[in-house]
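Next comes input21.cif, a file with mmCIF, C-alpha atoms and all ligand atoms.
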data_target
loop_
_atom_site.label_atom_id
_atom_site.label_comp_id
_atom_site.auth_asym_id
_atom_site.auth_seq_id
_atom_site.Cartn_x
_atom_site.Cartn_y
_atom_site.Cartn_z
CA MET F 135 -45.11 67.07 3.93
CA LYS F 136 -42.98 65.11 6.37
CA ARG F 137 -41.16 61.99 5.07
CA PHE F 138 -43.09 59.47 7.19
CA GLU F 139 -46.50 61.17 7.37
CA GLY F 140 -49.19 58.46 7.59
CA LYS F 141 -46.67 55.67 8.21
CA ILE F 142 -46.86 53.28 11.15
CA ALA F 143 -43.48 52.27 12.57
CA ILE F 144 -42.56 49.78 15.26
CA VAL F 145 -39.20 50.01 16.99
CA THR F 146 -38.39 47.17 19.37
CA GLY F 147 -36.29 48.13 22.38
CA SER F 148 -37.21 51.80 22.05
CA SER F 149 -37.35 52.63 25.77
CA ARG F 150 -33.76 53.91 25.69
CA GLY F 151 -30.46 54.01 23.79
CA LEU F 152 -30.37 53.76 19.99
CA GLY F 153 -33.98 52.54 19.77
CA LYS F 154 -35.21 55.68 21.50
CA ALA F 155 -33.16 57.88 19.13
CA ILE F 156 -34.58 56.00 16.11
CA ALA F 157 -38.14 56.34 17.44
CA PHE F 158 -37.62 60.09 17.88
CA GLU F 159 -36.28 60.53 14.38
CA LEU F 160 -39.22 58.62 12.85
CA ALA F 161 -41.79 60.44 15.00
CA SER F 162 -40.35 63.86 14.25
CA GLU F 163 -40.66 63.01 10.54
CA GLY F 164 -44.37 62.25 10.95
CA ALA F 165 -44.58 58.51 11.74
CA THR F 166 -46.95 57.04 14.33
CA LEU F 167 -44.80 54.98 16.66
CA ILE F 168 -45.35 51.60 18.22
CA LEU F 169 -42.84 51.63 21.05
CA HIS F 170 -41.66 48.50 22.82
CA ALA F 171 -39.81 47.66 26.03
CA SER F 172 -39.22 44.42 27.90
CA LYS F 173 -41.15 45.75 30.90
CA LYS F 174 -42.74 48.85 32.37
CA SER F 175 -40.07 51.17 33.76
CA THR F 176 -39.52 54.84 34.49
CA GLU F 177 -37.47 55.08 31.30
CA SER F 178 -40.06 53.48 29.03
CA THR F 179 -42.85 55.65 30.49
CA LYS F 180 -40.74 58.80 30.05
CA THR F 181 -39.90 57.93 26.43
CA PHE F 182 -43.56 57.17 25.72
CA HIS F 183 -44.67 60.60 26.98
CA GLN F 184 -41.91 62.35 25.00
CA ILE F 185 -42.89 60.55 21.79
CA LYS F 186 -46.61 61.17 22.41
CA ASN F 187 -45.85 64.90 22.46
CA ILE F 188 -44.70 64.78 18.85
CA SER F 189 -46.75 61.81 17.61
CA PRO F 190 -50.02 61.68 19.60
CA ASN F 191 -51.35 58.36 18.28
CA SER F 192 -48.26 56.42 19.34
CA GLU F 193 -48.54 53.42 21.66
CA LEU F 194 -46.25 51.54 24.03
CA TYR F 195 -46.29 47.75 24.47
CA PHE F 196 -44.29 45.37 26.64
CA ALA F 197 -42.86 41.94 25.88
CA ASN F 198 -39.88 40.16 27.35
CA PHE F 199 -38.30 38.37 24.39
CA LEU F 200 -37.19 35.57 26.71
CA ASN F 201 -40.86 34.62 26.87
CA HIS F 202 -42.44 33.54 23.59
CA ASP F 203 -46.01 34.00 24.89
CA GLU F 204 -45.32 37.65 25.70
CA ILE F 205 -44.17 38.32 22.11
CA VAL F 206 -47.30 36.63 20.72
CA ALA F 207 -49.55 38.60 23.10
CA MET F 208 -47.90 41.90 22.19
CA MET F 209 -48.21 41.27 18.45
CA ARG F 210 -51.91 40.43 18.89
CA LEU F 211 -52.44 43.80 20.59
CA VAL F 212 -50.49 45.59 17.84
CA GLN F 213 -52.53 43.91 15.11
CA LYS F 214 -55.78 44.70 16.87
CA LYS F 215 -54.89 48.39 17.13
CA PHE F 216 -53.08 48.96 13.82
CA ARG F 217 -54.44 47.64 10.52
CA ARG F 218 -51.00 47.67 8.90
CA VAL F 219 -47.39 48.35 9.78
CA ASP F 220 -45.06 50.11 7.30
CA ILE F 221 -41.75 50.05 9.14
CA LEU F 222 -40.22 47.46 11.47
CA ILE F 223 -36.97 48.21 13.27
CA ASN F 224 -35.67 45.10 15.04
CA ASN F 225 -33.52 46.96 17.52
CA ALA F 226 -33.95 45.31 20.96
CA GLY F 227 -30.74 43.64 21.99
CA ALA F 228 -28.89 42.08 24.91
CA ILE F 229 -25.16 41.69 25.51
CA LYS F 230 -23.18 39.58 28.00
CA ARG F 231 -19.46 40.22 28.25
CA GLN F 232 -17.75 36.98 29.17
CA THR F 233 -15.04 34.85 27.59
CA PHE F 234 -16.31 31.68 25.96
CA LEU F 235 -14.74 29.39 28.56
CA LYS F 236 -16.44 31.23 31.41
CA MET F 237 -19.77 32.06 29.77
CA THR F 238 -22.69 30.20 31.33
CA ASP F 239 -25.39 28.51 29.27
CA GLU F 240 -27.85 30.97 30.78
CA GLU F 241 -25.86 33.99 29.55
CA TRP F 242 -25.60 32.43 26.08
CA ASP F 243 -29.33 31.77 26.10
CA ILE F 244 -30.26 35.35 27.01
CA VAL F 245 -28.16 36.84 24.22
CA THR F 246 -29.30 34.43 21.52
CA LYS F 247 -32.95 34.52 22.61
CA VAL F 248 -33.26 38.31 22.72
CA ASN F 249 -31.14 39.02 19.62
CA ILE F 250 -31.98 36.10 17.31
CA TYR F 251 -35.30 34.62 18.45
CA GLY F 252 -36.65 38.10 19.26
CA THR F 253 -35.89 39.33 15.73
CA TYR F 254 -37.23 36.12 14.18
CA PHE F 255 -40.53 35.98 16.09
CA VAL F 256 -41.32 39.69 15.85
CA THR F 257 -40.68 39.64 12.08
CA LYS F 258 -42.59 36.40 11.58
CA LEU F 259 -45.65 37.56 13.51
CA LEU F 260 -45.65 41.07 12.04
CA LEU F 261 -45.03 40.22 8.39
CA PRO F 262 -48.75 39.86 7.51
CA SER F 263 -49.25 43.47 8.72
CA ILE F 264 -46.20 44.71 6.76
CA LEU F 265 -47.48 42.99 3.61
CA LYS F 266 -50.41 45.43 3.73
CA SER F 267 -47.98 48.33 3.23
CA THR F 268 -47.26 49.47 -0.31
CA ALA F 269 -43.55 49.92 0.49
CA GLY F 270 -42.61 48.05 3.67
CA ARG F 271 -39.25 48.56 5.33
CA ILE F 272 -37.43 46.30 7.77
CA VAL F 273 -34.15 47.36 9.40
CA ASN F 274 -32.34 44.92 11.68
CA MET F 275 -29.74 46.02 14.21
CA SER F 276 -26.57 44.07 13.72
CA SER F 277 -23.14 45.29 14.85
CA ILE F 278 -19.52 45.53 13.82
CA CYS F 279 -19.22 42.51 16.15
CA GLY F 280 -21.17 40.43 13.64
CA LEU F 281 -18.61 41.27 10.96
CA VAL F 282 -15.27 40.97 12.75
CA GLY F 283 -15.84 39.28 16.12
CA GLU F 284 -14.73 40.68 19.46
CA TYR F 285 -12.89 39.26 22.48
CA GLY F 286 -15.28 38.24 25.26
CA LEU F 287 -18.37 38.49 23.08
CA THR F 288 -18.78 35.13 21.33
CA GLY F 289 -22.52 34.84 21.94
CA TYR F 290 -23.19 38.45 20.99
CA CYS F 291 -21.00 38.23 17.85
CA MET F 292 -22.72 35.01 16.80
CA SER F 293 -26.14 36.60 17.21
CA LYS F 294 -25.18 39.71 15.24
CA ALA F 295 -23.71 37.63 12.40
CA ALA F 296 -26.95 35.61 12.36
CA ILE F 297 -28.91 38.86 11.93
CA ILE F 298 -26.93 39.60 8.76
CA GLY F 299 -27.66 36.16 7.25
CA PHE F 300 -31.33 36.50 8.18
CA THR F 301 -31.47 39.97 6.58
CA LYS F 302 -29.91 38.87 3.31
CA ALA F 303 -32.12 35.78 2.92
CA LEU F 304 -35.36 37.52 3.91
CA ALA F 305 -34.60 40.41 1.54
CA LYS F 306 -34.48 37.96 -1.36
CA GLU F 307 -37.75 36.29 -0.33
CA ILE F 308 -39.88 39.37 0.16
CA ALA F 309 -38.53 41.74 -2.48
CA LYS F 310 -41.51 40.71 -4.64
CA TYR F 311 -43.80 42.49 -2.16
CA ASN F 312 -41.75 45.70 -2.46
CA ILE F 313 -40.46 45.27 1.10
CA THR F 314 -36.80 46.08 1.67
CA VAL F 315 -34.78 44.40 4.43
CA ASN F 316 -31.44 45.78 5.54
CA ALA F 317 -29.13 45.47 8.53
CA ILE F 318 -26.94 48.13 10.01
CA CYS F 319 -23.65 47.50 11.77
CA PRO F 320 -22.70 50.27 14.20
CA ALA F 321 -19.41 50.18 16.12
CA PHE F 322 -18.84 52.36 19.20
CA THR F 323 -21.59 54.92 19.81
CA ASP F 324 -22.46 57.38 22.58
CA ALA F 325 -25.58 55.43 23.56
CA GLY F 326 -26.94 52.40 25.33
CA MET F 327 -24.81 49.32 25.91
CA ALA F 328 -21.70 51.16 24.63
CA ASN F 329 -21.82 53.23 27.85
CA GLU F 330 -20.92 50.10 29.80
CA ILE F 331 -17.58 49.72 28.02
CA GLU F 332 -14.63 50.15 30.36
CA ARG F 333 -13.30 53.73 30.03
CA ASN F 334 -9.64 52.90 29.32
CA PHE F 335 -10.58 50.33 26.70
CA LEU F 336 -12.91 52.83 25.02
CA GLN F 337 -10.21 55.56 24.95
CA GLN F 338 -7.74 53.12 23.35
CA SER F 339 -10.36 51.98 20.85
CA ILE F 340 -11.15 55.56 19.83
CA GLN F 341 -7.49 55.98 18.82
CA SER F 342 -7.93 53.21 16.25
CA ILE F 343 -11.05 54.83 14.76
CA PRO F 344 -9.96 56.93 11.74
CA LEU F 345 -12.52 59.65 12.62
CA LYS F 346 -11.21 59.63 16.24
CA ARG F 347 -14.59 59.64 17.94
CA VAL F 348 -17.57 57.40 18.68
CA GLY F 349 -20.73 57.64 16.59
CA LYS F 350 -23.62 59.78 17.76
CA LYS F 351 -26.97 58.07 18.36
CA GLU F 352 -28.56 60.66 16.06
CA GLU F 353 -26.19 59.61 13.25
CA VAL F 354 -27.29 56.00 13.65
CA ALA F 355 -30.94 57.08 13.76
CA LYS F 356 -30.55 59.11 10.55
CA LEU F 357 -29.04 56.12 8.74
CA VAL F 358 -31.95 53.95 9.85
CA THR F 359 -34.54 56.54 8.78
CA PHE F 360 -32.85 56.95 5.41
CA LEU F 361 -33.19 53.18 4.88
CA CYS F 362 -36.89 53.52 5.79
CA SER F 363 -37.46 56.37 3.34
CA GLU F 364 -38.73 56.31 -0.22
CA ASP F 365 -35.26 57.41 -1.39
CA ALA F 366 -33.82 54.06 -0.24
CA GLY F 367 -36.31 52.00 -2.26
CA TYR F 368 -33.58 50.26 -4.29
CA ILE F 369 -31.42 49.25 -1.29
CA THR F 370 -32.15 45.79 0.08
CA GLY F 371 -30.27 42.80 1.51
CA GLN F 372 -27.39 44.99 2.68
CA ALA F 373 -25.42 45.11 5.92
CA ILE F 374 -24.39 48.75 6.15
CA SER F 375 -21.57 49.78 8.46
CA ILE F 376 -21.52 53.00 10.47
CA ASN F 377 -18.22 52.96 12.31
CA GLY F 378 -16.05 56.03 11.65
CA GLY F 379 -13.89 54.03 9.23
CA LEU F 380 -12.88 51.37 11.78
CA ILE F 381 -13.12 48.50 9.26
N1 LIG S 1 -24.98 51.05 21.60
C1 LIG S 1 -24.10 50.73 20.67
O1 LIG S 1 -23.04 51.35 20.57
C2 LIG S 1 -24.40 49.61 19.71
C3 LIG S 1 -23.41 49.25 18.76
C4 LIG S 1 -23.71 48.25 17.85
C5 LIG S 1 -24.93 47.63 17.85
N2 LIG S 1 -25.85 47.98 18.78
C6 LIG S 1 -27.16 47.30 18.75
O2 LIG S 1 -28.19 48.29 18.73
C7 LIG S 1 -29.31 47.83 19.46
C8 LIG S 1 -29.66 48.83 20.57
O3 LIG S 1 -28.55 48.92 21.43
P1 LIG S 1 -28.52 49.93 22.67
O4 LIG S 1 -27.11 50.07 23.04
O5 LIG S 1 -29.31 51.13 22.38
O6 LIG S 1 -29.25 49.02 23.77
P2 LIG S 1 -29.76 49.39 25.26
O7 LIG S 1 -29.63 50.83 25.56
O8 LIG S 1 -29.13 48.40 26.16
O9 LIG S 1 -31.34 49.07 25.14
C9 LIG S 1 -31.74 47.78 24.85
C10 LIG S 1 -33.21 47.79 24.49
O10 LIG S 1 -33.58 46.42 24.24
C11 LIG S 1 -34.60 46.05 25.17
N3 LIG S 1 -34.39 44.70 25.68
C12 LIG S 1 -33.33 44.24 26.40
N4 LIG S 1 -33.55 42.98 26.82
C13 LIG S 1 -34.79 42.63 26.34
C14 LIG S 1 -35.60 41.49 26.48
N5 LIG S 1 -35.25 40.42 27.21
N6 LIG S 1 -36.82 41.48 25.87
C15 LIG S 1 -37.25 42.55 25.16
N7 LIG S 1 -36.53 43.68 25.03
C16 LIG S 1 -35.31 43.73 25.62
C17 LIG S 1 -34.51 47.05 26.34
O11 LIG S 1 -35.78 47.16 26.98
P3 LIG S 1 -35.87 47.55 28.57
O12 LIG S 1 -35.62 49.03 28.64
O13 LIG S 1 -37.24 47.18 28.98
O14 LIG S 1 -34.80 46.77 29.27
C18 LIG S 1 -34.08 48.32 25.62
O15 LIG S 1 -35.20 48.97 25.09
C19 LIG S 1 -28.96 46.45 19.99
O16 LIG S 1 -29.46 45.46 19.12
C20 LIG S 1 -27.45 46.45 19.97
O17 LIG S 1 -26.92 45.16 19.86
C21 LIG S 1 -25.62 48.95 19.72
#
Output the structure of this file as structure tokens.
Amino acid sequence: MKRFEGKIAIVTGSSRGLGKAIAFELASEGATLILHASKKSTESTKTFHQIKNISPNSELYFANFLNHDEIVAMMRLVQKKFRRVDILINNAGAIKRQTFLKMTDEEWDIVTKVNIYGTYFVTKLLLPSILKSTAGRIVNMSSICGLVGEYGLTGYCMSKAAIIGFTKALAKEIAKYNITVNAICPAFTDAGMANEIERNFLQQSIQSIPLKRVGKKEEVAKLVTFLCSEDAGYITGQAISINGGLI
């Protein structure tokens, strides 16, 4: 029997990047996937068809996290279709590279709204469905940036540090329902927003990584699925780094 047979898992921001890799890992281990993207796109449609091939009952929903009503509408549809949810991966994220002095209020707003409010509202609205699971799992995507800070990323770093505080507090509150809540903190990976990093900077950064390479998206996905598994039932309230030894 596959590890996630019979489980329903939602991965926000699963149209591409790390979210897509996590969705694949969960689906290939038997989970039914609730995929999410901010909007309909070629990428989200392609991912949906690929996931459907391995997990036929999976669904795709859209909600722009900058719009509260869209999150509410999406969660209503999810709750109408699925009686319970076992696994929530709060993965959707936005980044704006700009020094604090130059960053506009609008850029700050996008990063905090998608990363913090998105995680808050999705979790808040979905928790009644997760409470119906006998062993719920929540994994929140933080980042090394939330632990150590990074030049030109004040808003992003603030949002990723907030995710860690949220994770630790929520874990304490809902442990009594046998729901675990953990955060993971990747550093450089071969996927998603990391591909936008300037090449020279990335090469220099790799030299300071003890394992001398970036992380693979599959490695991140396997860490997330481990935290969602039965074997990780005693791990909660943690912020787990996956960074090649960088810090
Ligand atoms: N990649 C890395 O190396 C790395 C390292 C550390 C942490 N992380 C974290 O891991 C997570 C995934 O990162 P990634 O690099 O895979 O990201 P990505 O490839 O840029 O994908 C971002 C995902 O979030 C969704 N999203 C973006 N803006 C949104 C909005 N306004 N409303 C709703 N959804 C929105 C996107 O949907 P659309 O396709 O519809 O735009 C997409 O599915 C993020 O939380 C990120 O901070 C990534």
Checklist entry - Given a cut-off of 6 Å, what residues near ligand LIG 1 (chain S) show up using only C-alpha atoms and all ligand atoms, put as a VMD selection string? => result chain F and resid 147 to 153 171 to 173 197 to 200 225 to 228 248 275 to 277 320 to 323 325 to 328
Contacts between region 138-142 of chain F and region 249-341 of chain F, please, where a residue of region 249-341 of chain F counts if it comes within 10 Å (with only C-alpha atoms); show its shortest atom pair and distance in Å to one decimal, rows by chain and ascending number, as JSON lines.
{"residue": "F:Ile264", "atom": "CA", "partner": "F:Ile142", "partner_atom": "CA", "distance": 9.7}
{"residue": "F:Ser267", "atom": "CA", "partner": "F:Lys141", "partner_atom": "CA", "distance": 9.0}
{"residue": "F:Gly270", "atom": "CA", "partner": "F:Lys141", "partner_atom": "CA", "distance": 9.8}
For region 210-240 of chain F against region 353-374 of chain F, with a cut-off of 12 Å and counting only C-alpha atoms, what is the closest atom pair and its distance in Å to one decimal for every residue that makes the cut, ordered by chain and number, as CSV?
residue,atom,partner,partner_atom,distance
F:Asp220,CA,F:Cys362,CA,9.0
F:Ile221,CA,F:Cys362,CA,6.8
F:Leu222,CA,F:Cys362,CA,8.9
F:Ile223,CA,F:Val358,CA,8.4
F:Asn224,CA,F:Val358,CA,10.9
F:Asn225,CA,F:Val358,CA,10.5
Can those selected residues be exported to a file as a PDB file, in the frame of the given file so that it contains C-alpha atoms?
ATOM      1  CA  ASP F 220     -45.060  50.110   7.300  1.00  0.00           C
ATOM      2  CA  ILE F 221     -41.750  50.050   9.140  1.00  0.00           C
ATOM      3  CA  LEU F 222     -40.220  47.460  11.470  1.00  0.00           C
ATOM      4  CA  ILE F 223     -36.970  48.210  13.270  1.00  0.00           C
ATOM      5  CA  ASN F 224     -35.670  45.100  15.040  1.00  0.00           C
ATOM      6  CA  ASN F 225     -33.520  46.960  17.520  1.00  0.00           C
TER       7      ASN F 225
END
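Contact shell of Tyr285 (chain F) at 10 Å (all atoms listed in the file; same-chain neighbours under 5 positions omitted): Arg231, Gln232, Thr233, Phe234, Cys279 and Cys291 of chain F.
Distances here use only C-alpha atoms; by that measure, the residue among F:Ala296, F:Met135, F:Leu281, F:Val273 closest to Tyr251 (chain F) is F:Ala296.
Comparing the minimum interatomic distances between Asn249 (chain F) and each of F:Thr146, F:Tyr195, F:Arg347, F:Leu336, counting all atoms listed in the file, we find that F:Thr146 sits nearest.
Distances to Phe158 (chain F) were evaluated for F:Ile343, F:Ala269, F:Ile188, F:Ala207 using all atoms listed in the file, and the minimum falls at F:Ile188.
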Checklist outcome for this item: Students should find that CA of Ala305 (chain F) and CA of Leu260 (chain F) are spaced 15.3 Å
Next on the checklist: If I take CA of Gly289 (chain F) and CA of Ser342 (chain F), how far is one from the other in Å, to one decimal?
Outcome noted: 24.1 Å
Checklist entry - Any idea what the distance is between CA of Ile298 (chain F) and CA of Ser339 (chain F)? => result 24.0 Å
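Minimum atom-to-atom distances from F:Ser293, F:Leu261, F:Glu330, F:Ile205 to Val245 (chain F) were compared using all atoms listed in the file, and the lowest value belongs to F:Ser293.
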May I have the residues within 8 Å of region 164-168 of chain F as a PDB file with C-alpha atoms, in the frame of the given file, using only C-alpha atoms and disregarding those fewer than 6 positions away in the same chain?
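Wrote result15.pdb, looks like this:
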ATOM      1  CA  LYS F 136     -42.980  65.110   6.370  1.00  0.00           C
ATOM      2  CA  ARG F 137     -41.160  61.990   5.070  1.00  0.00           C
ATOM      3  CA  PHE F 138     -43.090  59.470   7.190  1.00  0.00           C
ATOM      4  CA  GLU F 139     -46.500  61.170   7.370  1.00  0.00           C
ATOM      5  CA  GLY F 140     -49.190  58.460   7.590  1.00  0.00           C
ATOM      6  CA  LYS F 141     -46.670  55.670   8.210  1.00  0.00           C
ATOM      7  CA  ILE F 142     -46.860  53.280  11.150  1.00  0.00           C
ATOM      8  CA  ALA F 143     -43.480  52.270  12.570  1.00  0.00           C
ATOM      9  CA  ILE F 144     -42.560  49.780  15.260  1.00  0.00           C
ATOM     10  CA  VAL F 145     -39.200  50.010  16.990  1.00  0.00           C
ATOM     11  CA  ALA F 157     -38.140  56.340  17.440  1.00  0.00           C
ATOM     12  CA  ILE F 185     -42.890  60.550  21.790  1.00  0.00           C
ATOM     13  CA  SER F 189     -46.750  61.810  17.610  1.00  0.00           C
ATOM     14  CA  PRO F 190     -50.020  61.680  19.600  1.00  0.00           C
ATOM     15  CA  ASN F 191     -51.350  58.360  18.280  1.00  0.00           C
ATOM     16  CA  SER F 192     -48.260  56.420  19.340  1.00  0.00           C
ATOM     17  CA  GLU F 193     -48.540  53.420  21.660  1.00  0.00           C
ATOM     18  CA  LEU F 194     -46.250  51.540  24.030  1.00  0.00           C
ATOM     19  CA  TYR F 195     -46.290  47.750  24.470  1.00  0.00           C
ATOM     20  CA  VAL F 212     -50.490  45.590  17.840  1.00  0.00           C
TER      21      VAL F 212
END
Item to check | Residue nearest Lys215 (chain F) among F:Ser263, F:Glu163, F:Ser175, F:Lys306 (counting only C-alpha atoms) | outcome: F:Ser263
Item to check | Close residues, Gln213 (chain F) itself excluded, 10 Å, only C-alpha atoms, min 4 positions apart in chain, as a PyMOL selection string | outcome: chain F and resi 208-209+217-219+259-260+262-263
Slice of the block: region 249-331 of chain F, C-alpha atoms, as a PDB file, in the first residue's frame:
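Written output follows (decode_7.pdb):
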ATOM      1  CA  ASN F 249       3.191  34.845   1.975  1.00  0.00           C
ATOM      2  CA  ILE F 250       1.620  35.771   5.325  1.00  0.00           C
ATOM      3  CA  TYR F 251      -2.069  36.513   4.715  1.00  0.00           C
ATOM      4  CA  GLY F 252      -2.283  33.700   2.142  1.00  0.00           C
ATOM      5  CA  THR F 253      -0.941  31.163   4.650  1.00  0.00           C
ATOM      6  CA  TYR F 254      -3.133  32.562   7.434  1.00  0.00           C
ATOM      7  CA  PHE F 255      -6.423  32.612   5.500  1.00  0.00           C
ATOM      8  CA  VAL F 256      -5.969  29.261   3.780  1.00  0.00           C
ATOM      9  CA  THR F 257      -5.133  27.596   7.110  1.00  0.00           C
ATOM     10  CA  LYS F 258      -7.943  29.364   8.947  1.00  0.00           C
ATOM     11  CA  LEU F 259     -10.585  28.462   6.371  1.00  0.00           C
ATOM     12  CA  LEU F 260      -9.374  24.894   5.895  1.00  0.00           C
ATOM     13  CA  LEU F 261      -8.814  23.921   9.521  1.00  0.00           C
ATOM     14  CA  PRO F 262     -12.395  22.621  10.052  1.00  0.00           C
ATOM     15  CA  SER F 263     -11.782  20.167   7.163  1.00  0.00           C
ATOM     16  CA  ILE F 264      -8.376  19.126   8.568  1.00  0.00           C
ATOM     17  CA  LEU F 265      -9.931  18.517  11.995  1.00  0.00           C
ATOM     18  CA  LYS F 266     -11.932  15.715  10.353  1.00  0.00           C
ATOM     19  CA  SER F 267      -8.675  13.870   9.608  1.00  0.00           C
ATOM     20  CA  THR F 268      -7.395  11.380  12.166  1.00  0.00           C
ATOM     21  CA  ALA F 269      -3.800  12.565  11.654  1.00  0.00           C
ATOM     22  CA  GLY F 270      -3.716  15.966   9.956  1.00  0.00           C
ATOM     23  CA  ARG F 271      -0.489  17.436   8.641  1.00  0.00           C
ATOM     24  CA  ILE F 272       0.357  21.052   7.862  1.00  0.00           C
ATOM     25  CA  VAL F 273       3.686  22.032   6.293  1.00  0.00           C
ATOM     26  CA  ASN F 274       4.472  25.705   5.748  1.00  0.00           C
ATOM     27  CA  MET F 275       7.111  26.900   3.304  1.00  0.00           C
ATOM     28  CA  SER F 276       9.518  29.201   5.042  1.00  0.00           C
ATOM     29  CA  SER F 277      13.071  29.839   3.838  1.00  0.00           C
ATOM     30  CA  ILE F 278      16.644  30.239   5.005  1.00  0.00           C
ATOM     31  CA  CYS F 279      15.803  33.940   4.533  1.00  0.00           C
ATOM     32  CA  GLY F 280      13.456  33.754   7.513  1.00  0.00           C
ATOM     33  CA  LEU F 281      16.320  32.512   9.684  1.00  0.00           C
ATOM     34  CA  VAL F 282      19.265  34.682   8.656  1.00  0.00           C
ATOM     35  CA  GLY F 283      17.969  37.572   6.535  1.00  0.00           C
ATOM     36  CA  GLU F 284      19.248  38.479   3.086  1.00  0.00           C
ATOM     37  CA  TYR F 285      20.332  41.709   1.390  1.00  0.00           C
ATOM     38  CA  GLY F 286      17.567  43.204  -0.753  1.00  0.00           C
ATOM     39  CA  LEU F 287      14.869  40.945   0.656  1.00  0.00           C
ATOM     40  CA  THR F 288      13.523  42.650   3.798  1.00  0.00           C
ATOM     41  CA  GLY F 289       9.853  42.039   3.001  1.00  0.00           C
ATOM     42  CA  TYR F 290      10.438  38.438   1.951  1.00  0.00           C
ATOM     43  CA  CYS F 291      12.642  37.707   4.998  1.00  0.00           C
ATOM     44  CA  MET F 292      10.057  39.242   7.318  1.00  0.00           C
ATOM     45  CA  SER F 293       7.307  37.114   5.796  1.00  0.00           C
ATOM     46  CA  LYS F 294       9.336  33.907   6.050  1.00  0.00           C
ATOM     47  CA  ALA F 295      10.246  34.604   9.694  1.00  0.00           C
ATOM     48  CA  ALA F 296       6.535  35.210  10.374  1.00  0.00           C
ATOM     49  CA  ILE F 297       5.750  31.773   8.922  1.00  0.00           C
ATOM     50  CA  ILE F 298       8.066  30.186  11.497  1.00  0.00           C
ATOM     51  CA  GLY F 299       6.369  31.971  14.427  1.00  0.00           C
ATOM     52  CA  PHE F 300       2.948  31.038  13.052  1.00  0.00           C
ATOM     53  CA  THR F 301       4.039  27.385  12.687  1.00  0.00           C
ATOM     54  CA  LYS F 302       5.369  27.101  16.224  1.00  0.00           C
ATOM     55  CA  ALA F 303       2.320  28.710  17.853  1.00  0.00           C
ATOM     56  CA  LEU F 304      -0.256  26.815  15.783  1.00  0.00           C
ATOM     57  CA  ALA F 305       1.545  23.515  16.465  1.00  0.00           C
ATOM     58  CA  LYS F 306       1.063  24.068  20.196  1.00  0.00           C
ATOM     59  CA  GLU F 307      -2.625  24.932  19.782  1.00  0.00           C
ATOM     60  CA  ILE F 308      -3.690  22.035  17.590  1.00  0.00           C
ATOM     61  CA  ALA F 309      -1.480  19.208  18.838  1.00  0.00           C
ATOM     62  CA  LYS F 310      -4.481  18.029  20.877  1.00  0.00           C
ATOM     63  CA  TYR F 311      -6.242  17.142  17.604  1.00  0.00           C
ATOM     64  CA  ASN F 312      -3.257  15.037  16.493  1.00  0.00           C
ATOM     65  CA  ILE F 313      -2.403  17.582  13.784  1.00  0.00           C
ATOM     66  CA  THR F 314       1.274  18.343  13.291  1.00  0.00           C
ATOM     67  CA  VAL F 315       2.463  21.709  11.978  1.00  0.00           C
ATOM     68  CA  ASN F 316       5.989  22.184  10.692  1.00  0.00           C
ATOM     69  CA  ALA F 317       7.881  24.657   8.534  1.00  0.00           C
ATOM     70  CA  ILE F 318      10.712  23.931   6.175  1.00  0.00           C
ATOM     71  CA  CYS F 319      13.506  26.343   5.332  1.00  0.00           C
ATOM     72  CA  PRO F 320      15.127  25.633   1.973  1.00  0.00           C
ATOM     73  CA  ALA F 321      18.083  27.682   0.719  1.00  0.00           C
ATOM     74  CA  PHE F 322      19.120  27.661  -2.950  1.00  0.00           C
ATOM     75  CA  THR F 323      17.298  25.059  -5.053  1.00  0.00           C
ATOM     76  CA  ASP F 324      17.088  24.205  -8.756  1.00  0.00           C
ATOM     77  CA  ALA F 325      13.446  25.312  -8.964  1.00  0.00           C
ATOM     78  CA  GLY F 326      11.082  28.236  -9.137  1.00  0.00           C
ATOM     79  CA  MET F 327      12.072  31.662  -7.865  1.00  0.00           C
ATOM     80  CA  ALA F 328      15.684  30.489  -7.343  1.00  0.00           C
ATOM     81  CA  ASN F 329      16.019  30.413 -11.152  1.00  0.00           C
ATOM     82  CA  GLU F 330      15.737  34.198 -11.180  1.00  0.00           C
ATOM     83  CA  ILE F 331      18.895  34.635  -9.096  1.00  0.00           C
TER      84      ILE F 331
END
